[in-house]
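Colleague: The file below is coords.txt, compact mmCIF, C-alpha atoms:
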```
# COMPACT_ATOMS: atom_id res chain seq x y z
CA MET A 19 0.74 47.55 74.16
CA ALA A 20 3.26 44.77 73.60
CA LEU A 21 6.98 45.26 73.97
CA GLU A 22 8.76 45.79 70.68
CA LEU A 23 12.28 44.63 69.94
CA TYR A 24 14.27 46.01 67.02
CA TRP A 25 17.16 43.75 66.27
CA GLY A 26 19.49 42.40 63.62
CA SER A 27 20.26 38.83 62.65
CA GLY A 28 23.71 37.79 63.87
CA SER A 29 24.11 40.72 66.29
CA PRO A 30 25.27 39.11 69.54
CA TYR A 31 23.93 42.10 71.48
CA SER A 32 20.47 41.54 70.00
CA TRP A 33 20.64 37.84 70.72
CA ARG A 34 21.10 38.53 74.44
CA VAL A 35 17.82 40.41 74.63
CA LEU A 36 15.96 37.82 72.57
CA LEU A 37 17.14 35.11 74.99
CA ALA A 38 15.93 37.20 77.92
CA LEU A 39 12.53 37.90 76.40
CA GLU A 40 11.96 34.23 75.62
CA TYR A 41 13.16 33.15 79.07
CA LYS A 42 10.86 35.63 80.77
CA GLY A 43 8.00 34.51 78.52
CA VAL A 44 7.07 38.13 77.91
CA PRO A 45 5.13 38.67 74.67
CA TYR A 46 6.95 40.96 72.24
CA GLU A 47 6.69 42.20 68.72
CA SER A 48 9.80 41.33 66.75
CA HIS A 49 11.25 43.73 64.17
CA VAL A 50 14.22 42.23 62.36
CA LEU A 51 16.19 44.99 60.64
CA GLN A 52 18.27 44.34 57.54
CA PHE A 53 21.80 45.62 58.17
CA SER A 54 22.52 45.34 54.42
CA LYS A 55 19.76 47.88 53.77
CA GLN A 56 21.01 50.10 56.63
CA GLU A 57 17.62 49.79 58.27
CA HIS A 58 19.25 50.28 61.71
CA LYS A 59 20.26 53.78 60.56
CA SER A 60 16.79 54.80 59.35
CA PRO A 61 15.30 58.08 60.65
CA GLN A 62 12.86 56.09 62.80
CA MET A 63 15.68 54.07 64.39
CA LEU A 64 17.94 57.10 64.88
CA ARG A 65 15.12 58.85 66.73
CA MET A 66 15.11 55.95 69.20
CA ASN A 67 18.89 55.42 69.33
CA PRO A 68 21.01 58.23 67.88
CA ARG A 69 23.94 55.81 67.65
CA GLY A 70 22.01 53.72 65.15
CA ARG A 71 22.74 50.46 66.91
CA VAL A 72 20.64 47.48 67.87
CA PRO A 73 19.06 46.08 69.93
CA VAL A 74 16.47 48.74 70.75
CA LEU A 75 13.65 47.82 73.11
CA LYS A 76 10.45 49.87 73.09
CA ASP A 77 7.77 49.57 75.75
CA GLY A 78 4.98 52.00 74.99
CA ASP A 79 6.63 55.41 75.13
CA PHE A 80 9.76 54.15 76.83
CA VAL A 81 12.83 53.26 74.78
CA VAL A 82 16.04 51.61 75.96
CA PHE A 83 19.12 50.40 74.12
CA GLU A 84 22.49 48.85 75.02
CA SER A 85 21.91 45.16 75.64
CA LEU A 86 22.80 45.13 79.34
CA ALA A 87 20.40 48.01 79.99
CA CYS A 88 17.67 46.10 78.15
CA LEU A 89 18.30 43.06 80.35
CA LEU A 90 18.13 45.15 83.52
CA TYR A 91 14.92 46.81 82.32
CA LEU A 92 13.25 43.47 81.62
CA ASP A 93 14.33 42.14 85.00
CA ARG A 94 13.00 45.13 86.93
CA LYS A 95 9.79 45.31 84.93
CA TYR A 96 9.08 41.57 84.85
CA PRO A 97 10.66 40.12 88.00
CA GLU A 98 9.43 36.56 87.39
CA HIS A 99 12.20 34.22 86.14
CA PRO A 100 14.96 36.53 87.40
CA LEU A 101 17.94 37.31 85.19
CA PHE A 102 20.07 38.73 88.02
CA GLY A 103 19.41 36.12 90.68
CA THR A 104 17.38 36.42 93.84
CA THR A 105 19.98 37.66 96.35
CA PRO A 106 22.44 40.59 96.40
CA GLU A 107 25.27 38.06 96.23
CA GLU A 108 23.88 36.36 93.14
CA ALA A 109 23.19 39.68 91.43
CA ALA A 110 26.74 40.81 92.14
CA THR A 111 28.35 37.61 90.89
CA ILE A 112 26.23 37.59 87.73
CA MET A 113 27.23 41.19 87.02
CA ARG A 114 30.86 40.42 87.84
CA VAL A 115 30.98 37.59 85.30
CA ILE A 116 29.34 39.86 82.71
CA CYS A 117 31.84 42.66 83.39
CA GLU A 118 34.75 40.23 83.21
CA TYR A 119 33.53 38.89 79.88
CA GLN A 120 33.15 42.41 78.51
CA ALA A 121 36.46 43.66 79.84
CA TYR A 122 38.71 40.68 79.15
CA ALA A 123 37.13 38.53 76.40
CA GLU A 124 34.65 40.35 74.20
CA GLY A 125 37.14 42.65 72.46
CA HIS A 126 39.33 39.72 71.50
CA VAL A 127 36.37 37.71 70.22
CA THR A 128 35.30 40.68 68.10
CA GLN A 129 38.79 41.06 66.70
CA ILE A 130 39.05 37.38 65.73
CA VAL A 131 35.56 37.23 64.25
CA SER A 132 36.08 40.42 62.23
CA ALA A 133 39.39 39.18 60.85
CA VAL A 134 37.77 35.92 59.72
CA PHE A 135 34.63 37.46 58.25
CA LEU A 136 36.61 40.15 56.43
CA ASP A 137 39.20 37.56 55.35
CA GLN A 138 42.00 39.65 56.88
CA LEU A 139 43.70 37.00 58.97
CA ASP A 140 46.96 37.28 57.06
CA GLU A 141 47.15 41.06 57.26
CA ASN A 142 46.51 41.01 61.01
CA ALA A 143 48.29 37.79 61.90
CA GLU A 144 50.13 39.13 64.92
CA GLU A 145 47.13 40.89 66.47
CA VAL A 146 44.84 37.94 65.85
CA THR A 147 47.32 35.50 67.36
CA ARG A 148 47.47 37.64 70.47
CA ALA A 149 43.66 37.89 70.58
CA MET A 150 43.37 34.10 70.18
CA HIS A 151 45.76 33.57 73.05
CA LEU A 152 43.83 35.89 75.35
CA ALA A 153 40.41 34.63 74.24
CA ALA A 154 41.56 31.05 74.85
CA GLY A 155 42.63 32.00 78.38
CA GLU A 156 39.20 33.44 79.11
CA ALA A 157 37.55 30.38 77.53
CA ARG A 158 39.50 28.18 79.94
CA THR A 159 38.16 30.24 82.86
CA ILE A 160 34.61 29.82 81.55
CA GLU A 161 35.25 26.10 80.98
CA GLY A 162 36.34 25.90 84.62
CA ARG A 163 33.12 27.51 85.87
CA LEU A 164 30.96 25.27 83.67
CA SER A 165 32.74 22.11 84.69
CA LYS A 166 31.45 22.74 88.22
CA SER A 167 27.99 24.09 87.46
CA ASP A 168 25.31 23.83 84.75
CA TRP A 169 25.18 27.61 84.34
CA LEU A 170 27.74 30.38 84.59
CA VAL A 171 26.43 31.59 87.95
CA GLY A 172 24.19 29.72 90.34
CA GLU A 173 21.63 27.02 89.71
CA GLN A 174 19.64 28.77 87.02
CA VAL A 175 20.31 30.36 83.67
CA SER A 176 21.01 34.07 84.20
CA ALA A 177 21.95 37.26 82.44
CA ALA A 178 25.57 36.03 82.53
CA ASP A 179 24.75 33.09 80.27
CA MET A 180 22.72 35.35 77.98
CA VAL A 181 25.58 37.83 77.61
CA VAL A 182 28.34 35.27 77.01
CA PHE A 183 26.48 32.70 74.87
CA PRO A 184 25.99 34.78 71.69
CA GLY A 185 29.65 35.78 71.68
CA ILE A 186 30.77 32.17 71.85
CA MET A 187 28.31 31.16 69.13
CA LEU A 188 29.65 33.94 66.91
CA LEU A 189 33.21 32.77 67.50
CA LEU A 190 32.23 29.19 66.64
CA ARG A 191 30.52 30.34 63.46
CA ALA A 192 33.68 32.20 62.45
CA MET A 193 35.78 29.12 63.17
CA GLU A 194 33.64 27.04 60.84
CA LYS A 195 34.41 29.32 57.89
CA ARG A 196 37.02 28.31 55.37
CA GLU A 197 38.86 31.59 56.05
CA ALA A 198 39.52 30.56 59.67
CA GLY A 199 42.15 28.09 58.42
CA ASP A 200 44.50 26.93 61.15
CA LEU A 201 42.69 28.89 63.86
CA ARG A 202 39.92 26.31 63.72
CA SER A 203 41.85 23.63 65.58
CA ARG A 204 42.31 25.97 68.54
CA PHE A 205 38.59 25.87 69.30
CA LEU A 206 37.04 23.00 67.34
CA PRO A 207 35.75 20.45 67.96
CA MET A 208 34.34 22.10 71.10
CA GLU A 209 33.44 18.70 72.52
CA THR A 210 37.18 18.00 72.82
CA THR A 211 38.71 21.42 73.44
CA TYR A 212 36.07 22.81 75.81
CA PRO A 213 33.72 19.94 76.74
CA ALA A 214 31.91 21.79 79.55
CA ILE A 215 31.21 24.76 77.26
CA ALA A 216 29.96 22.36 74.59
CA ARG A 217 27.50 20.80 77.06
CA TRP A 218 26.39 24.26 78.22
CA ILE A 219 25.67 25.25 74.61
CA ARG A 220 23.38 22.21 74.27
CA ARG A 221 21.70 23.29 77.54
CA VAL A 222 21.04 26.82 76.28
CA GLU A 223 19.71 25.39 73.02
CA GLN A 224 17.12 23.46 75.03
CA LEU A 225 15.68 26.60 76.64
CA PRO A 226 12.05 27.27 75.68
CA GLY A 227 11.83 29.64 72.72
CA TYR A 228 15.50 29.26 71.82
CA GLU A 229 14.66 28.55 68.19
CA ARG A 230 13.10 32.01 67.87
CA THR A 231 16.33 33.65 69.03
CA TYR A 232 18.64 31.90 66.56
CA PRO A 233 19.95 34.27 63.86
CA PRO A 234 17.66 33.62 60.87
CA HIS A 235 20.35 34.17 58.26
CA TRP A 236 22.63 31.60 59.91
CA ARG A 237 19.96 29.00 59.33
CA ASP A 238 19.55 30.00 55.68
CA GLY A 239 23.24 29.48 55.11
CA ALA A 240 23.39 32.96 53.60
CA PRO A 241 26.89 34.35 53.13
CA ARG A 242 26.62 37.38 55.43
CA GLY A 243 28.61 37.25 58.68
CA MET B 16 31.24 42.61 110.42
CA ALA B 17 31.80 45.79 108.47
CA LEU B 18 32.18 45.88 104.72
CA GLU B 19 35.78 46.07 103.58
CA LEU B 20 36.94 47.87 100.47
CA TYR B 21 40.36 47.22 98.96
CA TRP B 22 41.24 50.01 96.59
CA GLY B 23 44.00 52.05 95.02
CA SER B 24 44.52 55.79 94.97
CA GLY B 25 43.79 57.21 91.52
CA SER B 26 42.00 54.09 90.24
CA PRO B 27 38.79 55.42 88.68
CA TYR B 28 37.14 52.04 89.21
CA SER B 29 37.88 52.20 92.92
CA TRP B 30 36.59 55.76 93.10
CA ARG B 31 33.19 54.66 91.80
CA VAL B 32 32.71 52.25 94.70
CA LEU B 33 33.95 54.76 97.27
CA LEU B 34 31.39 57.28 95.99
CA ALA B 35 28.66 54.66 96.29
CA LEU B 36 29.64 53.63 99.82
CA GLU B 37 29.70 57.22 101.00
CA TYR B 38 26.40 58.03 99.29
CA LYS B 39 24.74 55.01 100.85
CA GLY B 40 26.21 55.93 104.21
CA VAL B 41 27.22 52.32 104.77
CA PRO B 42 30.11 51.90 107.24
CA TYR B 43 33.16 50.30 105.67
CA GLU B 44 36.73 49.51 106.45
CA SER B 45 39.06 51.11 103.95
CA HIS B 46 42.21 49.34 102.76
CA VAL B 47 44.25 51.53 100.43
CA LEU B 48 46.72 49.39 98.51
CA GLN B 49 50.00 50.77 97.21
CA PHE B 50 50.23 50.02 93.49
CA SER B 51 53.92 50.89 93.59
CA LYS B 52 54.48 48.05 96.05
CA GLN B 53 52.29 45.70 93.96
CA GLU B 54 50.04 45.23 96.97
CA HIS B 55 47.09 44.58 94.62
CA LYS B 56 48.95 41.45 93.41
CA SER B 57 49.67 40.05 96.88
CA PRO B 58 48.65 36.43 97.61
CA GLN B 59 45.82 37.70 99.82
CA MET B 60 44.47 39.92 97.03
CA LEU B 61 44.89 37.27 94.34
CA ARG B 62 42.86 34.86 96.46
CA MET B 63 40.00 37.36 96.37
CA ASN B 64 40.46 38.47 92.74
CA PRO B 65 42.70 36.23 90.62
CA ARG B 66 43.06 39.10 88.15
CA GLY B 67 44.81 41.19 90.81
CA ARG B 68 42.71 44.26 90.17
CA VAL B 69 40.92 46.70 92.40
CA PRO B 70 38.41 47.54 93.71
CA VAL B 71 37.58 44.43 95.69
CA LEU B 72 34.63 44.54 98.07
CA LYS B 73 34.39 42.03 100.89
CA ASP B 74 31.29 41.55 102.99
CA GLY B 75 31.91 38.81 105.54
CA ASP B 76 32.61 35.71 103.45
CA PHE B 77 31.33 37.23 100.24
CA VAL B 78 33.73 38.87 97.80
CA VAL B 79 32.91 40.85 94.69
CA PHE B 80 35.05 42.77 92.23
CA GLU B 81 34.53 44.70 88.99
CA SER B 82 33.23 48.14 89.90
CA LEU B 83 29.81 47.82 88.30
CA ALA B 84 29.22 44.54 90.10
CA CYS B 85 30.19 46.22 93.39
CA LEU B 86 27.67 48.99 92.73
CA LEU B 87 24.91 46.49 91.98
CA TYR B 88 25.77 44.52 95.11
CA LEU B 89 25.60 47.60 97.31
CA ASP B 90 22.30 48.62 95.76
CA ARG B 91 20.68 45.23 96.25
CA LYS B 92 22.05 44.81 99.76
CA TYR B 93 21.39 48.37 100.97
CA PRO B 94 18.39 49.62 98.98
CA GLU B 95 18.19 52.98 100.77
CA HIS B 96 19.52 55.87 98.66
CA PRO B 97 19.16 53.90 95.41
CA LEU B 98 21.99 53.90 92.86
CA PHE B 99 19.85 52.49 90.05
CA GLY B 100 16.72 54.58 90.48
CA THR B 101 13.35 53.54 91.77
CA THR B 102 11.57 52.42 88.58
CA PRO B 103 12.44 49.95 85.80
CA GLU B 104 12.72 52.89 83.42
CA GLU B 105 15.21 54.75 85.63
CA ALA B 106 17.26 51.60 86.21
CA ALA B 107 17.39 50.98 82.46
CA THR B 108 18.39 54.54 81.57
CA ILE B 109 21.07 54.63 84.27
CA MET B 110 22.52 51.37 82.96
CA ARG B 111 22.23 52.61 79.38
CA VAL B 112 24.27 55.73 80.16
CA ILE B 113 26.86 53.58 81.97
CA CYS B 114 27.10 51.16 79.03
CA GLU B 115 27.41 54.04 76.56
CA TYR B 116 30.21 55.59 78.62
CA GLN B 117 32.03 52.27 78.79
CA ALA B 118 31.54 51.41 75.14
CA TYR B 119 32.15 54.78 73.51
CA ALA B 120 34.17 56.99 75.87
CA GLU B 121 36.16 55.09 78.47
CA GLY B 122 38.66 53.47 76.11
CA HIS B 123 39.52 56.83 74.57
CA VAL B 124 39.91 58.48 77.96
CA THR B 125 42.25 55.68 79.04
CA GLN B 126 44.30 56.07 75.88
CA ILE B 127 44.70 59.83 76.32
CA VAL B 128 45.48 59.62 80.02
CA SER B 129 48.05 56.84 79.50
CA ALA B 130 49.80 58.78 76.75
CA VAL B 131 50.07 61.86 78.97
CA PHE B 132 51.18 60.03 82.13
CA LEU B 133 53.74 57.96 80.20
CA ASP B 134 54.84 61.06 78.26
CA GLN B 135 54.18 59.28 74.96
CA LEU B 136 52.04 61.87 73.23
CA ASP B 137 54.51 62.38 70.41
CA GLU B 138 54.98 58.68 69.69
CA ASN B 139 51.21 58.13 69.57
CA ALA B 140 50.15 61.46 68.07
CA GLU B 141 47.77 60.03 65.49
CA GLU B 142 46.00 57.63 67.86
CA VAL B 143 45.72 60.22 70.61
CA THR B 144 44.30 62.82 68.22
CA ARG B 145 41.66 60.32 67.16
CA ALA B 146 40.91 59.45 70.80
CA MET B 147 40.64 63.16 71.67
CA HIS B 148 38.19 63.69 68.84
CA LEU B 149 35.99 60.79 69.94
CA ALA B 150 36.24 61.63 73.65
CA ALA B 151 35.27 65.23 72.89
CA GLY B 152 32.21 64.01 71.00
CA GLU B 153 31.11 61.96 73.99
CA ALA B 154 31.85 64.88 76.32
CA ARG B 155 29.50 67.02 74.23
CA THR B 156 26.77 64.40 74.65
CA ILE B 157 27.33 64.41 78.43
CA GLU B 158 27.40 68.23 78.42
CA GLY B 159 24.03 68.13 76.66
CA ARG B 160 22.49 65.87 79.30
CA LEU B 161 23.87 67.98 82.15
CA SER B 162 22.70 71.24 80.63
CA LYS B 163 19.15 69.95 81.08
CA SER B 164 19.48 68.17 84.41
CA ASP B 165 21.57 68.34 87.58
CA TRP B 166 22.54 64.67 87.31
CA LEU B 167 23.23 62.35 84.40
CA VAL B 168 19.92 60.51 84.82
CA GLY B 169 16.88 61.66 86.77
CA GLU B 170 16.60 63.98 89.74
CA GLN B 171 19.14 62.29 91.98
CA VAL B 172 22.76 61.30 91.79
CA SER B 173 22.97 57.72 90.51
CA ALA B 174 25.38 54.96 89.54
CA ALA B 175 25.74 56.74 86.18
CA ASP B 176 27.31 59.79 87.83
CA MET B 177 29.52 57.55 89.95
CA VAL B 178 30.80 55.65 86.91
CA VAL B 179 31.47 58.67 84.70
CA PHE B 180 32.80 61.17 87.27
CA PRO B 181 36.13 59.48 88.12
CA GLY B 182 36.97 59.10 84.43
CA ILE B 183 36.42 62.79 83.80
CA MET B 184 38.44 63.74 86.87
CA LEU B 185 41.30 61.54 85.66
CA LEU B 186 41.18 63.17 82.23
CA LEU B 187 41.25 66.62 83.83
CA ARG B 188 44.21 65.65 85.98
CA ALA B 189 46.07 64.47 82.88
CA MET B 190 45.26 67.74 81.11
CA GLU B 191 46.80 69.73 83.93
CA LYS B 192 50.14 68.01 83.48
CA ARG B 193 52.91 69.75 81.59
CA GLU B 194 53.11 66.74 79.24
CA ALA B 195 49.55 67.39 78.00
CA GLY B 196 50.83 70.36 76.03
CA ASP B 197 48.43 71.54 73.34
CA LEU B 198 45.79 68.99 74.29
CA ARG B 199 45.01 71.09 77.34
CA SER B 200 43.12 73.77 75.46
CA ARG B 201 40.72 71.15 74.09
CA PHE B 202 39.30 70.56 77.57
CA LEU B 203 40.45 73.37 79.86
CA PRO B 204 39.21 75.57 81.33
CA MET B 205 36.17 73.32 81.84
CA GLU B 206 34.08 76.32 82.85
CA THR B 207 34.35 77.55 79.26
CA THR B 208 34.59 74.37 77.22
CA TYR B 209 32.02 72.28 79.12
CA PRO B 210 30.23 74.58 81.58
CA ALA B 211 27.48 72.12 82.52
CA ILE B 212 30.05 69.39 83.26
CA ALA B 213 32.03 71.90 85.35
CA ARG B 214 28.92 72.70 87.43
CA TRP B 215 28.18 68.98 87.82
CA ILE B 216 31.71 68.36 89.12
CA ARG B 217 31.10 71.01 91.82
CA ARG B 218 27.83 69.25 92.64
CA VAL B 219 29.50 65.85 93.07
CA GLU B 220 32.19 67.48 95.20
CA GLN B 221 29.45 68.67 97.55
CA LEU B 222 28.14 65.16 98.20
CA PRO B 223 28.52 64.05 101.82
CA GLY B 224 31.74 62.09 102.34
CA TYR B 225 33.21 63.17 99.02
CA GLU B 226 36.49 64.20 100.64
CA ARG B 227 37.06 60.62 101.78
CA THR B 228 36.78 59.39 98.18
CA TYR B 229 39.31 61.80 96.68
CA PRO B 230 42.55 60.04 95.64
CA PRO B 231 44.93 60.72 98.54
CA HIS B 232 48.06 60.97 96.40
CA TRP B 233 46.42 63.59 94.17
CA ARG B 234 46.08 65.80 97.22
CA ASP B 235 49.69 65.27 98.20
CA GLY B 236 50.84 66.46 94.82
CA ALA B 237 52.89 63.29 94.51
CA PRO B 238 54.24 62.59 91.04
CA ARG B 239 52.47 59.25 90.42
CA GLY B 240 49.69 59.25 87.81
```
Here is the file; what I need is its structure written in the form of structure tokens.
Modeller:
Amino acid sequence: MALELYWGSGSPYSWRVLLALEYKGVPYESHVLQFSKQEHKSPQMLRMNPRGRVPVLKDGDFVVFESLACLLYLDRKYPEHPLFGTTPEEAATIMRVICEYQAYAEGHVTQIVSAVFLDQLDENAEEVTRAMHLAAGEARTIEGRLSKSDWLVGEQVSAADMVVFPGIMLLLRAMEKREAGDLRSRFLPMETTYPAIARWIRRVEQLPGYERTYPPHWRDGAPRG
Amino acid sequence: MALELYWGSGSPYSWRVLLALEYKGVPYESHVLQFSKQEHKSPQMLRMNPRGRVPVLKDGDFVVFESLACLLYLDRKYPEHPLFGTTPEEAATIMRVICEYQAYAEGHVTQIVSAVFLDQLDENAEEVTRAMHLAAGEARTIEGRLSKSDWLVGEQVSAADMVVFPGIMLLLRAMEKREAGDLRSRFLPMETTYPAIARWIRRVEQLPGYERTYPPHWRDGAPRG
């Protein structure tokens, strides 16, 4: 029985697992859930993940959720094209970069993106300014890594790239919205502000199967975040 | 050359790695840093981790930080006594429980503990009440798991236990402080409020080498958090 992935368009956590599945070349059945219809909170979904969140990965009778757990599952189950490197040192550094992103960048990105999508920049000006400052600091660190290497860790794309990439894409999408206003110039154009990150984005976009991972509703130009 | 661990007494992140080292039975050189003397921000430490945080694990020329990355390193380097199970399914569930703790519980625990140690419960009453409510919900989930099994995932102690245990111990320590006031009765006595968690704590305390992982300044009864 094929793997099944339940996911939502625009969810950065889902995007991570889609990137991993395509990179591994593992066949999977794709179930895109409509957040607007609360499909991720359906009885069927809540049976698999009581928190009602995506992504959820199902492999026969086995179910796993939380994106990082899905990545680890795929890597242990399908070791070809490793996501966590081939040595203990690579695995550790990949996980370190993931943990650093989650601990020091992700929360700020979420705060900025939410403020833009909910058009609440003015109400939360102080908090968002602080988040921008901290996110920009982390972006400079990432820029530094990518100015020395094609991928975040080592010579190959890894779970680190798959974790960080969707967050950066979400931030860029927010910056392109009218509501972003003056924030835009802090990040755009990427080619000028963060040239190594801009080149890395092009590199990820060239990965086989990338097109299938891109949030469908972003392509449609639909108004949802 | 032996592994070296740089850590701080009372840091739950450090405690995780100490538990893992002792469980693996890997010899290591222990460097306890004094937070009060800012030893974790010394030039030597900042060269290893520019963020100036502990734990930092050094293995010859290789350095890793971020507790989860240290656990993964130890597990890949010393596969005996696995921390992430023996099957893809176990690895995934262990990581899932870790991610859930980090995403849904840890922030609230930190908020409560900080408010108690800084004696700021009154100033932050509303936030702390909310954090208590959410932390208690997660504690009930953990209580549910442990009422059916000796360990958080599977038949053996795993990285999941090592990640969650120090956070719970820190929360308990905060609850025992005078400043905790009325909060105390929400969690203590554990034997009544969360009996399965209380039994699990005894079980962890019986692990070989546990005594060497216990925060030294907690034993001294020193006033630091």
Colleague: For CA of Arg227 in chain B and CA of Phe132 in chain B, quote the distance in Å rounded to one decimal.
Modeller: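 Going from CA of Arg227 in chain B over to CA of Phe132 in chain B covers 24.2 Å.
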Colleague: Excluding Ser57 in chain B and residues on its chain fewer than 4 positions from it, collect all residues at most 8 Å away from it, counting all atoms listed in the file, and give them as a PyMOL selection string.
Modeller: chain B and resi 53+61+67
Colleague: Separation of CA of Thr108 in chain B and CA of Gly172 in chain A, in Å?
Modeller: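 According to the coordinates, CA of Thr108 in chain B and CA of Gly172 in chain A are separated by 27.0 Å.
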Colleague: Which residues of chain A are close to chain B, meaning at most 6 Å apart when you count all atoms listed in the file, and how do they look as a PyMOL selection string?
Modeller: chain A and resi 84+87+90-91+94-95+106+110+113-114
Colleague: With distances taken over only C-alpha atoms, which residue among A:Val74, A:Leu37, A:Asp168, A:Trp236 lies nearest Glu194 in chain A?
Modeller: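 Using only C-alpha atoms, Glu194 in chain A sits closest to A:Trp236.
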Colleague: With the input short on atoms, add N, CA, C and O atoms back to range 203-216 of chain B and write it as a CSV table (one decimal), in the frame of the given file.
Modeller:
```csv
chain,number,residue,atom,x,y,z
B,203,LEU,N,40.4,72.4,78.8
B,203,LEU,CA,40.4,73.4,79.9
B,203,LEU,C,40.4,74.8,79.3
B,203,LEU,O,40.9,75.0,78.2
B,204,PRO,N,39.9,75.8,80.0
B,204,PRO,CA,39.2,75.6,81.3
B,204,PRO,C,37.8,75.0,81.1
B,204,PRO,O,37.1,75.4,80.2
B,205,MET,N,37.5,74.0,81.9
B,205,MET,CA,36.2,73.3,81.8
B,205,MET,C,35.0,74.3,81.9
B,205,MET,O,34.0,74.1,81.2
B,206,GLU,N,35.2,75.3,82.7
B,206,GLU,CA,34.1,76.3,82.8
B,206,GLU,C,33.7,76.9,81.5
B,206,GLU,O,32.5,77.4,81.3
B,207,THR,N,34.6,77.0,80.6
B,207,THR,CA,34.4,77.6,79.3
B,207,THR,C,34.0,76.5,78.3
B,207,THR,O,33.0,76.6,77.5
B,208,THR,N,34.8,75.4,78.3
B,208,THR,CA,34.6,74.4,77.2
B,208,THR,C,33.4,73.5,77.5
B,208,THR,O,32.6,73.2,76.6
B,209,TYR,N,33.2,73.1,78.8
B,209,TYR,CA,32.0,72.3,79.1
B,209,TYR,C,31.4,72.8,80.4
B,209,TYR,O,31.6,72.2,81.5
B,210,PRO,N,30.7,73.9,80.3
B,210,PRO,CA,30.2,74.6,81.6
B,210,PRO,C,29.3,73.7,82.4
B,210,PRO,O,29.3,73.7,83.6
B,211,ALA,N,28.4,72.9,81.7
B,211,ALA,CA,27.5,72.1,82.5
B,211,ALA,C,28.2,71.0,83.2
B,211,ALA,O,27.9,70.6,84.4
B,212,ILE,N,29.2,70.4,82.6
B,212,ILE,CA,30.0,69.4,83.3
B,212,ILE,C,30.8,70.0,84.4
B,212,ILE,O,30.9,69.4,85.5
B,213,ALA,N,31.3,71.2,84.3
B,213,ALA,CA,32.0,71.9,85.4
B,213,ALA,C,31.1,72.1,86.6
B,213,ALA,O,31.5,71.9,87.7
B,214,ARG,N,29.9,72.5,86.3
B,214,ARG,CA,28.9,72.7,87.4
B,214,ARG,C,28.6,71.4,88.1
B,214,ARG,O,28.4,71.3,89.3
B,215,TRP,N,28.5,70.3,87.3
B,215,TRP,CA,28.2,69.0,87.8
B,215,TRP,C,29.3,68.5,88.7
B,215,TRP,O,29.1,67.9,89.7
B,216,ILE,N,30.6,68.8,88.3
B,216,ILE,CA,31.7,68.4,89.1
B,216,ILE,C,31.6,69.0,90.5
B,216,ILE,O,31.8,68.4,91.5
```
